[in-house]
Each structure stands twice: as structure tokens, then as C-alpha cells.
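Listing of run-v2.cif; format and content: mmCIF, C-alpha atoms and all ligand atoms.
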data_work
loop_
_atom_site.label_atom_id
_atom_site.label_comp_id
_atom_site.auth_asym_id
_atom_site.auth_seq_id
_atom_site.Cartn_x
_atom_site.Cartn_y
_atom_site.Cartn_z
CA MET D 1 -125.08 -209.90 -23.59
CA ALA D 2 -121.94 -207.86 -23.35
CA VAL D 3 -119.06 -209.29 -25.28
CA SER D 4 -115.57 -208.52 -24.09
CA PRO D 5 -113.53 -206.67 -26.67
CA ALA D 6 -111.15 -208.73 -28.75
CA GLU D 7 -107.70 -208.86 -27.24
CA PRO D 8 -105.10 -206.94 -29.17
CA GLU D 9 -102.83 -209.15 -31.20
CA ILE D 10 -99.37 -209.32 -29.69
CA PRO D 11 -96.50 -210.23 -31.97
CA THR D 12 -94.65 -213.45 -31.30
CA PHE D 13 -91.03 -213.97 -32.11
CA VAL D 14 -90.64 -217.72 -32.59
CA SER D 15 -88.06 -218.32 -35.32
CA HIS D 16 -87.68 -222.10 -35.27
CA LEU D 17 -87.45 -225.23 -33.17
CA GLU D 18 -84.15 -226.87 -32.40
CA CYS D 19 -83.13 -230.39 -31.36
CA SER D 20 -81.65 -230.11 -27.87
CA ALA D 21 -79.08 -232.79 -28.68
CA THR D 22 -78.01 -232.23 -32.30
CA GLY D 23 -78.94 -228.59 -32.91
CA GLU D 24 -80.87 -229.57 -36.05
CA THR D 25 -83.52 -226.93 -36.81
CA PHE D 26 -87.18 -227.22 -37.79
CA PRO D 27 -89.79 -224.72 -39.02
CA PRO D 28 -92.29 -223.39 -36.45
CA ASP D 29 -96.09 -223.63 -36.51
CA ARG D 30 -96.27 -227.40 -36.93
CA LEU D 31 -97.07 -230.18 -34.55
CA TYR D 32 -93.98 -231.87 -33.12
CA ASN D 33 -93.09 -234.51 -30.59
CA LEU D 34 -89.42 -235.56 -30.25
CA SER D 35 -86.76 -234.69 -32.82
CA PRO D 36 -85.66 -237.38 -35.30
CA ALA D 37 -82.77 -238.04 -32.86
CA GLY D 38 -85.38 -238.94 -30.23
CA LYS D 39 -84.57 -235.89 -28.08
CA PRO D 40 -86.61 -232.91 -26.84
CA LEU D 41 -87.17 -229.98 -29.19
CA LEU D 42 -86.67 -226.46 -27.88
CA VAL D 43 -88.45 -223.35 -29.13
CA ARG D 44 -86.10 -220.63 -30.35
CA TYR D 45 -86.92 -216.94 -30.76
CA ASP D 46 -85.58 -214.05 -32.82
CA LEU D 47 -83.86 -212.58 -29.79
CA ASP D 48 -82.60 -209.46 -31.60
CA ALA D 49 -86.13 -208.52 -32.61
CA LEU D 50 -87.38 -209.41 -29.15
CA ARG D 51 -84.72 -207.21 -27.61
CA ARG D 52 -85.92 -204.25 -29.66
CA HIS D 53 -89.60 -204.85 -28.98
CA PHE D 54 -89.87 -206.16 -25.42
CA SER D 55 -89.12 -204.02 -22.40
CA ARG D 56 -89.72 -203.58 -18.69
CA GLU D 57 -91.89 -200.56 -19.51
CA LEU D 58 -94.14 -202.59 -21.82
CA LEU D 59 -94.79 -204.99 -18.97
CA ALA D 60 -95.71 -202.26 -16.51
CA ALA D 61 -99.15 -201.76 -18.11
CA ARG D 62 -100.15 -205.42 -18.18
CA PRO D 63 -102.13 -207.56 -15.73
CA MET D 64 -100.11 -209.63 -13.26
CA GLU D 65 -100.61 -212.95 -14.98
CA LEU D 66 -98.65 -215.53 -16.94
CA TRP D 67 -99.64 -214.12 -20.32
CA ARG D 68 -97.96 -210.78 -19.60
CA TYR D 69 -94.87 -212.43 -21.13
CA ARG D 70 -96.64 -213.20 -24.42
CA GLU D 71 -93.76 -212.06 -26.62
CA MET D 72 -91.50 -214.66 -25.02
CA LEU D 73 -94.09 -217.39 -25.59
CA PRO D 74 -95.02 -219.28 -28.77
CA VAL D 75 -98.81 -218.77 -29.17
CA ARG D 76 -99.43 -216.65 -32.25
CA ARG D 77 -103.13 -215.82 -32.09
CA SER D 78 -104.90 -214.48 -29.00
CA GLU D 79 -108.05 -216.47 -29.82
CA ASN D 80 -106.08 -219.64 -29.08
CA VAL D 81 -104.93 -218.62 -25.61
CA ILE D 82 -106.65 -220.87 -23.07
CA ARG D 83 -106.97 -219.14 -19.69
CA LEU D 84 -108.11 -220.30 -16.30
CA GLY D 85 -106.67 -217.21 -14.59
CA GLU D 86 -102.92 -217.82 -14.09
CA PRO D 87 -101.66 -215.28 -11.54
CA VAL D 88 -98.07 -214.23 -10.98
CA THR D 89 -97.43 -216.34 -7.88
CA PRO D 90 -96.23 -214.74 -4.64
CA LEU D 91 -92.70 -214.86 -3.29
CA LEU D 92 -92.97 -215.34 0.46
CA ARG D 93 -90.12 -214.68 2.84
CA LEU D 94 -89.45 -217.20 5.61
CA SER D 95 -88.22 -214.64 8.13
CA ARG D 96 -88.59 -216.76 11.23
CA LEU D 97 -86.64 -219.63 9.69
CA GLU D 98 -84.00 -217.19 8.47
CA ARG D 99 -83.44 -216.12 12.07
CA GLU D 100 -83.49 -219.65 13.39
CA LEU D 101 -80.99 -220.87 10.79
CA GLU D 102 -78.91 -217.68 11.20
CA VAL D 103 -79.22 -216.90 7.53
CA GLY D 104 -78.26 -213.39 6.47
CA ALA D 105 -79.95 -213.28 3.07
CA PRO D 106 -83.56 -213.68 1.98
CA LEU D 107 -84.97 -217.21 2.07
CA LEU D 108 -88.03 -217.17 -0.19
CA VAL D 109 -90.73 -219.58 -1.26
CA LYS D 110 -92.30 -219.15 -4.68
CA ASP D 111 -95.78 -220.39 -3.94
CA GLU D 112 -97.05 -222.12 -7.04
CA ALA D 113 -100.03 -223.53 -5.15
CA ARG D 114 -102.01 -220.47 -6.25
CA LEU D 115 -102.19 -221.53 -9.87
CA PRO D 116 -105.30 -223.11 -11.46
CA THR D 117 -105.60 -226.82 -10.55
CA GLY D 118 -103.40 -226.10 -7.52
CA SER D 119 -100.03 -226.85 -9.06
CA PHE D 120 -97.42 -225.38 -11.37
CA LYS D 121 -98.31 -228.01 -13.94
CA ALA D 122 -100.89 -225.40 -14.99
CA ARG D 123 -98.11 -223.28 -16.49
CA GLY D 124 -96.91 -226.01 -18.82
CA LEU D 125 -100.32 -227.25 -19.76
CA ALA D 126 -101.72 -223.75 -20.38
CA LEU D 127 -99.08 -223.41 -23.09
CA ALA D 128 -99.27 -226.96 -24.41
CA VAL D 129 -103.05 -226.90 -24.74
CA SER D 130 -103.10 -223.39 -26.25
CA MET D 131 -100.55 -224.49 -28.85
CA ALA D 132 -102.46 -227.71 -29.46
CA ARG D 133 -105.55 -225.65 -30.19
CA GLU D 134 -103.57 -223.38 -32.49
CA LEU D 135 -102.26 -226.42 -34.37
CA GLY D 136 -105.62 -228.20 -34.66
CA VAL D 137 -105.23 -231.03 -32.12
CA THR D 138 -108.51 -232.67 -31.03
CA HIS D 139 -107.30 -235.18 -28.40
CA MET D 140 -104.32 -235.11 -26.03
CA ALA D 141 -102.83 -237.94 -23.97
CA MET D 142 -100.16 -238.24 -21.28
CA PRO D 143 -98.74 -240.30 -18.43
CA THR D 144 -98.99 -238.52 -15.07
CA ASN D 145 -98.20 -238.78 -11.36
CA GLY D 146 -101.34 -236.72 -10.80
CA ASN D 147 -100.90 -232.97 -11.09
CA ALA D 148 -100.01 -232.88 -14.78
CA GLY D 149 -103.08 -234.96 -15.60
CA ALA D 150 -105.25 -232.69 -13.47
CA ALA D 151 -103.95 -229.64 -15.34
CA LEU D 152 -104.26 -231.33 -18.72
CA SER D 153 -107.88 -232.30 -18.08
CA ALA D 154 -108.78 -228.79 -16.92
CA TYR D 155 -107.20 -226.95 -19.85
CA CYS D 156 -108.49 -229.51 -22.35
CA ALA D 157 -112.02 -229.14 -20.97
CA ARG D 158 -111.68 -225.38 -21.35
CA ALA D 159 -110.38 -225.75 -24.92
CA GLY D 160 -112.90 -228.39 -26.02
CA ILE D 161 -110.12 -230.93 -26.60
CA GLY D 162 -110.35 -234.58 -25.49
CA ALA D 163 -107.95 -235.85 -22.79
CA SER D 164 -106.73 -239.33 -21.83
CA VAL D 165 -104.31 -240.00 -18.97
CA TRP D 166 -102.42 -243.00 -17.58
CA CYS D 167 -101.31 -242.87 -13.94
CA PRO D 168 -99.81 -245.25 -11.36
CA ALA D 169 -102.54 -246.99 -9.32
CA ASP D 170 -101.31 -245.28 -6.13
CA THR D 171 -101.60 -241.74 -7.55
CA PRO D 172 -103.15 -239.44 -4.89
CA GLU D 173 -106.95 -239.92 -4.91
CA ILE D 174 -107.48 -236.18 -5.10
CA ASN D 175 -105.67 -236.10 -8.44
CA ILE D 176 -107.69 -239.02 -9.79
CA ALA D 177 -110.88 -237.21 -8.75
CA GLU D 178 -109.75 -233.95 -10.35
CA MET D 179 -109.03 -235.70 -13.64
CA MET D 180 -112.30 -237.59 -13.69
CA VAL D 181 -114.52 -234.66 -12.71
CA GLN D 182 -112.81 -232.55 -15.38
CA GLY D 183 -113.78 -235.10 -18.00
CA ALA D 184 -110.55 -236.95 -18.76
CA GLU D 185 -110.44 -240.65 -19.57
CA VAL D 186 -108.33 -242.03 -16.69
CA HIS D 187 -106.39 -245.32 -16.70
CA ARG D 188 -104.84 -246.52 -13.42
CA ILE D 189 -101.83 -248.71 -14.06
CA ASP D 190 -99.90 -251.19 -11.96
CA GLY D 191 -96.55 -249.53 -12.65
CA LEU D 192 -94.61 -246.26 -12.51
CA ILE D 193 -94.88 -243.18 -14.68
CA ASP D 194 -92.50 -244.49 -17.35
CA ASP D 195 -94.68 -247.61 -17.69
CA CYS D 196 -97.66 -245.30 -18.08
CA GLY D 197 -95.76 -243.39 -20.76
CA LYS D 198 -95.47 -246.50 -22.90
CA LEU D 199 -99.23 -247.07 -22.75
CA ALA D 200 -99.96 -243.42 -23.56
CA ALA D 201 -97.59 -243.59 -26.55
CA ALA D 202 -99.24 -246.76 -27.81
CA ALA D 203 -102.71 -245.19 -27.55
CA CYS D 204 -101.48 -242.09 -29.40
CA ALA D 205 -100.09 -244.26 -32.20
CA GLU D 206 -103.34 -246.20 -32.42
CA HIS D 207 -105.81 -243.30 -32.31
CA GLY D 208 -103.79 -240.43 -33.76
CA TRP D 209 -103.87 -238.55 -30.42
CA PHE D 210 -101.25 -235.98 -29.49
CA ASP D 211 -98.65 -237.22 -26.99
CA THR D 212 -98.24 -234.49 -24.35
CA SER D 213 -95.67 -236.32 -22.16
CA THR D 214 -93.07 -234.22 -20.33
CA LEU D 215 -90.52 -232.89 -22.86
CA LYS D 216 -91.97 -235.05 -25.65
CA GLU D 217 -93.69 -231.94 -26.96
CA PRO D 218 -91.94 -228.57 -27.08
CA TYR D 219 -94.39 -226.20 -25.36
CA ARG D 220 -94.84 -227.30 -21.75
CA ILE D 221 -91.29 -226.15 -21.12
CA GLU D 222 -92.18 -222.70 -22.50
CA GLY D 223 -94.97 -222.47 -19.94
CA LYS D 224 -92.66 -223.52 -17.10
CA LYS D 225 -90.16 -220.95 -18.35
CA THR D 226 -92.46 -218.23 -17.04
CA MET D 227 -91.41 -219.17 -13.48
CA GLY D 228 -87.94 -217.85 -14.30
CA ILE D 229 -89.23 -214.68 -15.96
CA GLU D 230 -91.59 -213.95 -13.07
CA LEU D 231 -88.87 -214.52 -10.53
CA ALA D 232 -86.57 -212.09 -12.33
CA GLU D 233 -89.27 -209.43 -12.57
CA GLN D 234 -90.36 -209.88 -8.94
CA LEU D 235 -86.78 -209.45 -7.74
CA GLY D 236 -86.26 -206.25 -9.75
CA TRP D 237 -84.58 -208.08 -12.65
CA ARG D 238 -81.90 -209.52 -10.39
CA LEU D 239 -81.81 -213.27 -9.91
CA PRO D 240 -81.32 -214.99 -6.54
CA ASP D 241 -78.06 -216.75 -5.67
CA LEU D 242 -79.70 -220.16 -5.38
CA ILE D 243 -82.79 -221.92 -6.72
CA PHE D 244 -83.94 -225.18 -5.11
CA TYR D 245 -86.19 -227.07 -7.51
CA PRO D 246 -87.95 -230.40 -6.82
CA THR D 247 -86.92 -232.33 -9.89
CA GLY D 248 -88.96 -235.03 -11.56
CA GLY D 249 -88.96 -234.73 -15.34
CA GLY D 250 -87.09 -231.47 -14.88
CA THR D 251 -89.26 -229.29 -17.12
CA GLY D 252 -89.21 -226.41 -14.67
CA LEU D 253 -85.48 -226.47 -14.06
CA ILE D 254 -84.69 -226.67 -17.77
CA GLY D 255 -87.36 -224.06 -18.51
CA MET D 256 -86.03 -221.57 -15.97
CA TRP D 257 -82.48 -222.01 -17.21
CA LYS D 258 -83.76 -221.29 -20.73
CA ALA D 259 -85.58 -218.21 -19.42
CA PHE D 260 -82.39 -216.88 -17.83
CA GLN D 261 -80.47 -217.29 -21.11
CA GLU D 262 -83.20 -215.51 -23.06
CA LEU D 263 -83.60 -212.71 -20.49
CA GLU D 264 -79.89 -211.99 -20.61
CA ALA D 265 -79.84 -212.12 -24.42
CA ILE D 266 -82.62 -209.55 -24.67
CA GLY D 267 -81.04 -207.31 -22.06
CA LEU D 268 -83.59 -207.66 -19.27
CA THR D 269 -81.11 -209.12 -16.80
CA GLY D 270 -77.35 -209.15 -16.43
CA SER D 271 -75.12 -212.18 -16.70
CA ALA D 272 -75.33 -213.27 -13.04
CA ARG D 273 -77.32 -216.46 -12.79
CA PRO D 274 -78.43 -218.54 -9.84
CA ARG D 275 -76.86 -221.86 -8.90
CA MET D 276 -79.53 -224.40 -9.81
CA VAL D 277 -80.07 -227.10 -7.21
CA ALA D 278 -81.97 -230.20 -8.36
CA VAL D 279 -83.75 -231.71 -5.35
CA GLN D 280 -84.82 -235.36 -5.39
CA ALA D 281 -86.10 -237.87 -2.86
CA ALA D 282 -83.58 -240.43 -1.58
CA GLY D 283 -85.94 -243.19 -2.75
CA CYS D 284 -85.84 -241.93 -6.35
CA ALA D 285 -82.70 -239.96 -7.15
CA PRO D 286 -81.47 -240.80 -10.67
CA ILE D 287 -80.32 -237.24 -11.35
CA VAL D 288 -78.40 -237.01 -8.07
CA ARG D 289 -76.63 -240.29 -8.81
CA ALA D 290 -75.70 -239.17 -12.34
CA PHE D 291 -74.53 -235.79 -11.03
CA GLU D 292 -72.29 -237.44 -8.48
CA GLU D 293 -70.91 -239.93 -11.00
CA GLY D 294 -70.13 -237.10 -13.41
CA VAL D 295 -72.07 -238.67 -16.27
CA GLU D 296 -74.37 -237.03 -18.81
CA HIS D 297 -77.32 -239.43 -18.68
CA ALA D 298 -79.22 -240.87 -15.73
CA PRO D 299 -80.12 -244.57 -15.99
CA ARG D 300 -83.51 -245.74 -14.65
CA TRP D 301 -83.81 -245.79 -10.84
CA GLU D 302 -85.22 -249.17 -9.83
CA ASN D 303 -87.85 -249.60 -7.09
CA ALA D 304 -88.56 -245.90 -6.92
CA HIS D 305 -90.51 -244.84 -3.83
CA THR D 306 -91.15 -241.58 -1.98
CA VAL D 307 -93.98 -239.64 -0.33
CA ALA D 308 -93.30 -236.90 -2.86
CA ALA D 309 -95.26 -238.42 -5.76
CA GLY D 310 -94.57 -235.49 -8.11
CA ILE D 311 -90.85 -236.27 -8.15
CA ARG D 312 -91.18 -240.04 -8.35
CA VAL D 313 -89.77 -240.14 -11.87
CA PRO D 314 -87.32 -243.03 -12.31
CA ARG D 315 -86.14 -241.92 -15.74
CA ALA D 316 -86.23 -238.48 -17.37
CA ILE D 317 -85.93 -237.98 -21.11
CA GLY D 318 -84.40 -234.57 -20.44
CA ASP D 319 -81.80 -235.95 -18.01
CA PHE D 320 -78.89 -234.48 -19.97
CA LEU D 321 -80.57 -231.05 -20.07
CA ILE D 322 -81.17 -231.05 -16.31
CA LEU D 323 -77.58 -232.13 -15.63
CA ARG D 324 -76.20 -229.58 -18.08
CA ALA D 325 -78.14 -226.70 -16.46
CA VAL D 326 -77.14 -227.77 -12.95
CA ARG D 327 -73.45 -228.04 -13.90
CA GLN D 328 -73.31 -224.87 -16.02
CA SER D 329 -74.84 -222.95 -13.16
CA GLY D 330 -72.32 -224.22 -10.63
CA GLY D 331 -75.17 -225.87 -8.75
CA PHE D 332 -75.62 -229.43 -7.58
CA ALA D 333 -78.14 -232.24 -7.18
CA ILE D 334 -79.13 -233.39 -3.69
CA ALA D 335 -81.31 -236.15 -2.28
CA VAL D 336 -83.40 -235.93 0.90
CA GLU D 337 -85.07 -238.67 2.95
CA ASP D 338 -88.87 -238.83 3.20
CA GLU D 339 -88.57 -238.29 6.94
CA ALA D 340 -86.72 -235.02 6.41
CA ILE D 341 -89.36 -233.99 3.87
CA MET D 342 -92.22 -234.47 6.32
CA ARG D 343 -90.27 -232.78 9.13
CA ALA D 344 -89.64 -229.78 6.86
CA ARG D 345 -93.32 -229.63 5.94
CA ASP D 346 -94.37 -229.51 9.59
CA GLU D 347 -91.68 -227.00 10.45
CA VAL D 348 -92.64 -224.52 7.73
CA ALA D 349 -96.35 -224.97 8.47
CA ARG D 350 -95.89 -224.27 12.20
CA SER D 351 -93.37 -221.48 12.03
CA GLU D 352 -94.55 -219.67 8.90
CA GLY D 353 -98.19 -220.67 8.38
CA LEU D 354 -97.39 -222.01 4.96
CA LEU D 355 -98.56 -225.51 4.11
CA LEU D 356 -96.13 -226.92 1.55
CA CYS D 357 -96.73 -229.96 -0.64
CA PRO D 358 -94.24 -232.80 -0.01
CA GLU D 359 -92.21 -231.84 -3.11
CA GLY D 360 -92.03 -228.24 -1.92
CA ALA D 361 -91.08 -229.44 1.55
CA ALA D 362 -88.27 -231.46 -0.08
CA THR D 363 -86.68 -228.18 -1.19
CA MET D 364 -86.73 -226.89 2.40
CA ALA D 365 -85.21 -230.15 3.63
CA ALA D 366 -82.54 -229.87 0.93
CA TYR D 367 -81.83 -226.25 1.83
CA ARG D 368 -81.25 -227.20 5.47
CA GLN D 369 -79.08 -230.16 4.48
CA ALA D 370 -77.00 -228.11 2.02
CA LEU D 371 -76.51 -225.43 4.67
CA SER D 372 -75.34 -227.88 7.31
CA GLU D 373 -73.00 -229.57 4.82
CA GLY D 374 -71.50 -226.21 3.84
CA ARG D 375 -72.51 -226.57 0.19
CA ILE D 376 -74.21 -223.17 0.29
CA GLY D 377 -73.49 -220.02 2.25
CA ARG D 378 -75.61 -218.29 4.88
CA ASP D 379 -75.13 -215.05 2.94
CA GLN D 380 -76.71 -216.41 -0.25
CA SER D 381 -80.29 -215.63 -1.17
CA ALA D 382 -82.37 -218.67 -2.05
CA VAL D 383 -85.71 -219.40 -3.67
CA LEU D 384 -87.49 -222.67 -2.85
CA PHE D 385 -90.29 -223.88 -5.11
CA ASN D 386 -93.56 -224.96 -3.56
CA CYS D 387 -95.01 -226.52 -6.66
CA ALA D 388 -98.48 -227.58 -5.51
CA SER D 389 -101.07 -226.92 -2.86
CA GLY D 390 -100.38 -228.67 0.44
CA LEU D 391 -104.14 -229.14 0.71
CA LYS D 392 -103.97 -231.87 -1.93
CA TYR D 393 -101.90 -234.05 0.38
CA LEU D 394 -103.71 -233.82 3.73
CA ARG D 395 -105.32 -237.10 4.59
C1 LIG D 401 -94.52 -232.42 -11.60
C2 LIG D 401 -94.20 -232.05 -10.24
C3 LIG D 401 -92.87 -231.84 -9.85
C4 LIG D 401 -91.70 -232.01 -10.79
O1 LIG D 401 -91.69 -231.05 -11.81
P1 LIG D 401 -90.78 -231.21 -13.10
O2 LIG D 401 -90.66 -229.85 -13.66
O3 LIG D 401 -91.49 -232.14 -14.02
O4 LIG D 401 -89.48 -231.77 -12.67
C5 LIG D 401 -92.63 -231.45 -8.55
N1 LIG D 401 -93.64 -231.30 -7.67
C6 LIG D 401 -94.93 -231.47 -8.00
C7 LIG D 401 -95.99 -231.26 -6.97
C8 LIG D 401 -95.26 -231.85 -9.30
O5 LIG D 401 -96.53 -232.02 -9.63
#
Now, as a test, write the supplied structure out as C-alpha cells.
Ligand SMILES: *Cc1c(COP(=O)(O)O)cnc(C)c1O
Amino acid sequence: MAVSPAEPEIPTFVSHLECSATGETFPPDRLYNLSPAGKPLLVRYDLDALRRHFSRELLAARPMELWRYREMLPVRRSENVIRLGEPVTPLLRLSRLERELEVGAPLLVKDEARLPTGSFKARGLALAVSMARELGVTHMAMPTNGNAGAALSAYCARAGIGASVWCPADTPEINIAEMMVQGAEVHRIDGLIDDCGKLAAAACAEHGWFDTSTLKEPYRIEGKKTMGIELAEQLGWRLPDLIFYPTGGGTGLIGMWKAFQELEAIGLTGSARPRMVAVQAAGCAPIVRAFEEGVEHAPRWENAHTVAAGIRVPRAIGDFLILRAVRQSGGFAIAVEDEAIMRARDEVARSEGLLLCPEGAATMAAYRQALSEGRIGRDQSAVLFNCASGLKYLR
């Protein structure tokens, strides 16, 4: 049988990990969860070396997939890269809606539905599971609202690593099925994702499993960071004026903001950055409330409810990082009603032929709302994130 040639080794430039709250540093190539201060750890790179090595020209020869940005990612050895075929996702222009809303700049959807397991959780888990393999992990566990667990179970199956997940009892059936068929041990809990997180943490402590909860390990954010790098490359290394991101745990928003800092530091983009808009559902909007109150942390949102399950996150451990990115960027946080979410979904489906997931539709609803409230201009280009396949939510 033909064996594909070994992939060339690509240098990585990780220098250390850093506590996002205290700045304390830690050596790379070890397994980490939170910092001793109980905060997320961020991966840091030797940006000077990266600047000398990495270039637009280098990228030109590579396949259009997530791993084209290897030098900006932490996996050291190619044999540990776990792939399910992660394409660069398309940027689709909503021309008809631009005309209808009298918008004079591109309104784009980054369609993350095309990723393995049908959601952008694949980006984070591709990195987390690859790093787990590199660092010798044999079993991973996490709380999930559905898509993260589906991605974890797929990548773990591919890597030969065990997976256990805890999800709210009302998690979409399709996600439960995905997790089970892909071999994960699934626990349905009478509670929300933060309740699930406590059970996952307890099981990890008991069995020595690796806790892969959002921002409680440092690598999912590196995977989500690729959304920002892709966006920059797709737009000719110029960033849009606005990014609307459906915000749950906030990994993607924090990750993209990190990407923009790194891209500027290595000279791939200029200093102009988008305004980051954190979109939440009115029934679960802890980040919006904290943004409006001007505080740095977002207390738990009680009785959280919304049709957009992926952003039903009552408390985010990276709250201060989300709020910092939103404020530094001159952006804002905005809440939309479920009714507006479903109206936006139908509108985009009918007028553009694009079936958004509810979370993606929330960004369209937020865009409309921000436009009518004068918080954004009609001359500003915007990217909306459709983070999962709309097919998962048709019932
Ligand atoms: C997880 C998820 C989100 C939220 O992403 P974060 O980066 O964790 O904030 C939004 N939409 C969908 C469909 C998701 O699965």
C-alpha cells in the first residue's frame, strides 16, 4: 500500500505561556490548565523570529487549510497534527441585504459551517487534541452545549484518545447523537453548562483526565485564532471595520484579538484593527451587562435561556479578556431577542440562500439593530460569524 510521504517538519516559535491576569510566565511543552491565579494561560511566541521566518510568500505555496498557519500555532511535531480536513472557510457577501439596508460597504458572512463536525469548535479542538497527543494525554473531558463536545469526540476518536462530556439535558439531539456515534461517554445533566463544568472537573480530578473546558486549557484559543488570520489573508491583509461575534465563552473573540496583535507584530498587517462586537442573546447576556456597567468581570446570569444554545453561557472564565478586547477595539457588546434571531435567520435564508445557525443569525440581528441605533456606520465593512451549520437546527 502506498504510504504518503512524511510531512516536512515546520518550525514552531512558542517561547512560553503567560497568565492572562498576572503576566507570570511558564515553560512550554507541558500540560497546563489554569494558571496558579486561576486564570487562563495564553501561548506566547518569539515574534521577532516569527517575523523573520513567516511571510505572505511562504503561505502562497500551501494548501488552503487551517494548518497553513503552522508557524503561528503551538504543535511542534507534524506526526501529532490531527486532521479531519479543516478548510479555509468562505467569506460570502450579502449583496441583496446590502442594497436593502442601503449599506455602502461589504457585509460578509464567514461561513464556519464548512468545518469538520459542522461548527467552528473544530478549530479549537483540532489544536487542543493535537497538543494533548503531543503531551501524552490519554483521556479528555469537557462540559458542552453541544458543538464543542461533538468536535472533541471526533478529534479524540481520530487521535485514539478517550472522551467524556457533560451537557445540559436540553442540548440539541443532533449534538448528543454526534457525540455518542463518535464514541464519547455522554452525561446529560439537569443544569446549565457551568453546572456541567463542575462535574467534568470532578471527574478529571478523580480519574486523572485532562480538563478541556473553554479557556481552562491554553490551546483551543490558538485554534480559534486562525479565524482572525484567515480573515486577514482573505481580505488581502486588511482587516474589516467591524466583526460581529456570537459570544459564549468568548474563545473566538479573544483568539481573533490575539491573532490581530500577533499579525501586526510580525508585520503581516498594519495597525488598523476592527471594532469587536460581542453579540449575546437577551435571555443570557452577562457580557453585555458588564460592558454597559463598565465593570471588568461579568457575574453569573441567572435563568439563562435562548434558542441560540451555543451562546447560552451564564458565566465565562475569560470574561475580563472578552471585555478588554471589546473595549480596546472601540467595539461594544449587544443583546438581541430570540424573535429577532429567528427573523434574521429566515431573512438571510430567503434573500441570500444561506442557512445560518441561530448563533450566526444573532450576529445578523445585532448588525441590523446596531445600524438602526446608529452605533455603526453604513460605510463600514462588517464580518458576521456563522459558527455552525444551520442544518443542525432544523426540526
Ligand atoms: C460555541 C459556540 C459559540 C460561542 O463561541 P465562543 O467562542 O465559545 O464564545 C457560538 N455559536 C456556536 C454555534 C457555538 O457552538
So how far away is atom CA of Arg300 of chain D from atom CA of Arg315 of chain D, in Å?
4.8 Å
Gap from atom CA of Arg44 of chain D to atom CA of Gly23 of chain D - Å, one decimal:
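Interatomic distance, atom CA of Arg44 of chain D to atom CA of Gly23 of chain D: 11.0 Å.
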Using all atoms listed in the file, determine which residues lie at most 9 Å from Val279 of chain D, disregarding the query and same-chain residues fewer than 3 positions distant; provide the list as number ranges by chain.
D: 244-248, 285, 287-288, 311, 332-336, 359, 362-363, 366
Of the candidates D:Glu206, D:Asp48, D:Glu79, D:Glu222, which one gets nearest to ligand LIG 401 (chain D) if we count only C-alpha atoms and all ligand atoms?
D:Glu222
Counting all atoms listed in the file, which protein, DNA or RNA residues come within 8 Å of ligand LIG 401 (chain D), given as an MDAnalysis selection string?
chainID D and resid 119:121 145:148 214 224 245:254 308:311 357:360 386:389
For Leu84 of chain D, which residue among D:Ile161, D:Leu66, D:Leu59, D:Val14 is the nearest when counting all atoms listed in the file?
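Smallest separation from Leu84 of chain D among the options: D:Leu66.
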Which residue of D:Ile176, D:Ala169, D:Glu373, D:Arg368 approaches Glu347 of chain D most closely, using all atoms listed in the file
D:Arg368
Which residue is closest to Arg77 of chain D? Choose from D:Thr12, D:Thr117, D:Thr25, D:Thr138 and count only C-alpha atoms.
D:Thr12
Nearby residues (only C-alpha atoms) at most 10 Å from Leu394 of chain D, same-chain spacing under 2 positions excluded, as an MDAnalysis selection string
chainID D and resid 174 355 357 389:392
Within-6 Å shell of (-78.0, -233.7, -22.2) in input frame, all atoms listed in the file, as a PyMOL selection string
chain D and resi 296+320-321
Just give me the gap between atom CA of Cys196 of chain D and atom CA of Met142 of chain D in Å, one decimal is fine.
8.1 Å
Counting all atoms listed in the file, figure out which residue out of D:Leu58, D:Val186, D:Ile221, D:Leu101 gets nearest to Gly318 of chain D.
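Smallest separation from Gly318 of chain D among the options: D:Ile221.
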